[in-house]
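Structure record follows, encoded as structure tokens.
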Amino acid sequence: MAVCARLCGVGPPRGCRRRGAQREQRRGGPADSEPDTDAEEERIEGARLGSGPAPAPGPAARAPLSLLELPPELLVQIFGSLPGTDLPSLARVCSTFRRILRTDTIWRRRCREEYGVCENLRKLEITGVSCRDVYAKLLHRYRHILGLWQPDIGPYGGLLNVVVDGLFIIGWMYLPPHDPHVDDPMRFKPLFRIHLMERKCATVECMYGHKGPHNGHIQIVKKDEFSTKCNQTDHHRMSGGRQEEFRTWLREEWGRTLEDIFHEHMQELILMKFIYTSQYDNCLTYRRIYLPPSSPDDLLKPGLFKGTYGSHGLEIVMLSFHGKKAKGTKITGDPNIPAGQQTVEIDLAHPIQLPDIENLRNFNELSRIVLEVQEQVRREQRQQEEEEGQEEEAGHTQPGDSQQAEQPACRDDAEDTEAAGAVAAQETAPASQPFVLPVGVISRNEDYPRTCRMCFYGTGLIAGHGFTSPERTPGIFILFDDDRFGFIWLELKSFSLYSRVRVSFQNAEAPSREAFDEMLKNIQSMTT
């Protein structure tokens, strides 16, 4: 037992020798002789597992009546399997439990299993920081900021992923690839990091700028919201002044110089974004966002996509499914359609059959087909409104008529059946069909797929600068494959190509469908 105590770091070895001496006295041995600890461990282990040497002579063996009678190394294993949030309560039970919970083996396991820390935590002993310190003062303290977040940067938004990275917590800002390379991987850069260099408390550092990490601060405002502040904004300045800062930002943001951008309107948009975003100096408020829940009946796997938006460049859109509708919500935005707004909506109950490849090149022919579907959708909406009005009147005159009360539910079931039937009809269609953009439709990326699986009627949100006079206009949703889709904006004669973001984000799943819908409503209300 003395060896067990020394290995686990719990209990004074002298106490274990005293208990060993008492056992020797009960066996008739000398009280002052050193017990055979190896034999004692072997006896305990054999008795516990039902094998090995027979128990020592004495009273009949019995099962332990409390946890306190278990060997310390077994208690270490038991306590190490419990959630770390339960261990402080366990430490208040008695002094023995409190001593055992000082064992670093327990906290090393909790760091690994709860937060994925796979680093060699034994190296911390050199700095005097224990695994218990890492868990309590770093991982557990800042656990609420792990996951996906959207910064409040006016209309531009953003995508922040806060993760445990080794012995650090790092906030990575994810950026779309340079326009118009929508299939390229996402770019990312660190905005802040938190680490534990001494036993007192964790250190927050701002990573913005080009002069290395410097002093920062993080405040958890409320549930699902936190803010960052840089305490040394002079580290963000460059020796060449604002002109050098702008040129550096332009190379990072767009991968080119201002001289390479010939479109005057695009130059104005770029300069406007630099002026607006740089004033924050990494002092930002973040609100939590979730990845959309998925269902086997979804047209394709929901998630984050990169999309082309004309002179505004590439933006991040979240695709989610809601019954017979699919919605594309902007995670990053622009002065026309800000982040948080629903950029496209797809009506899965109204598929569109494309004409042959020659007629598809004719924009007027495609426009005629889409507008016919739009008129059909409007007729169905008017009919539904009239039926609801009649049912409401009937409800006032015949409140006891249960048949009238059941009709709305029946109609909803019919609509769901209609949407499912439309998708099923598309699934029975040929696996792919030729696709080409109509003449006159503008595309930032000419390298779009030349075959598609299916198409649906949809609407796209357009607005003037400053989100003025917003309106939904007709368009067509084109599904190319599992990871790419497109949208033709009829009124703008423009095409947007979307490609899936191939990043596995941790701590980003919505706790429920209701929580995800509430999140969508919240981020949209911030920019309405």
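In the structure tokens, chains take letters A, B, ... by order of appearance, with residues numbered from 1 within each chain and ligands from 1 in the order shown.
Using only C-alpha atoms, the contacts of A:Val204 at a cut-off of 12 Å, with sequence neighbours closer than 6 positions omitted, comprise A:Leu138, A:Tyr142, A:Phe168, A:Ile169, A:Ile170, A:Gly171, A:Leu191, A:Phe192, A:Arg193, A:Ile194, A:His195, A:Leu196, A:Met197, A:Pro213, A:His214, A:Asn215, A:Gly216, A:His217, A:Ile218, A:Gln219, A:Thr228, A:Lys229, A:Cys230, A:Asn231.
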Determine, counting only C-alpha atoms, which protein, DNA and RNA residues have an atom within 7 Å of an atom of A:Ser227; residues of the same chain fewer than 5 positions away are not included. Present the result as a PyMOL selection string. chain A and resi 218-221+284-286
Include C-alpha atoms and write out the residues we just selected as a compact mmCIF listing (two decimals), in the first residue's frame.
# COMPACT_ATOMS: atom_id res chain seq x y z
CA ILE A 218 -11.83 38.61 -23.24
CA GLN A 219 -15.15 39.16 -21.51
CA ILE A 220 -18.03 36.70 -21.59
CA VAL A 221 -20.94 39.12 -21.88
CA LEU A 284 -15.32 42.94 -31.32
CA THR A 285 -18.47 41.29 -30.01
CA TYR A 286 -19.18 37.73 -31.13
DSSP on the backbone, strand (DSSP E or B) only: what residues of stretch 109-251 of chain A does that give? Format it as JSON, numbers by chain. {"A": [147, 148, 149, 150, 151, 157, 159, 160, 161, 162, 163, 164, 165, 168, 169, 170, 171, 172, 173, 174, 175, 187, 188, 189, 190, 191, 192, 193, 194, 195, 203, 204, 205, 206, 214, 215, 216, 217, 218, 219, 220, 221, 222, 225, 226, 227, 228, 229, 230]}
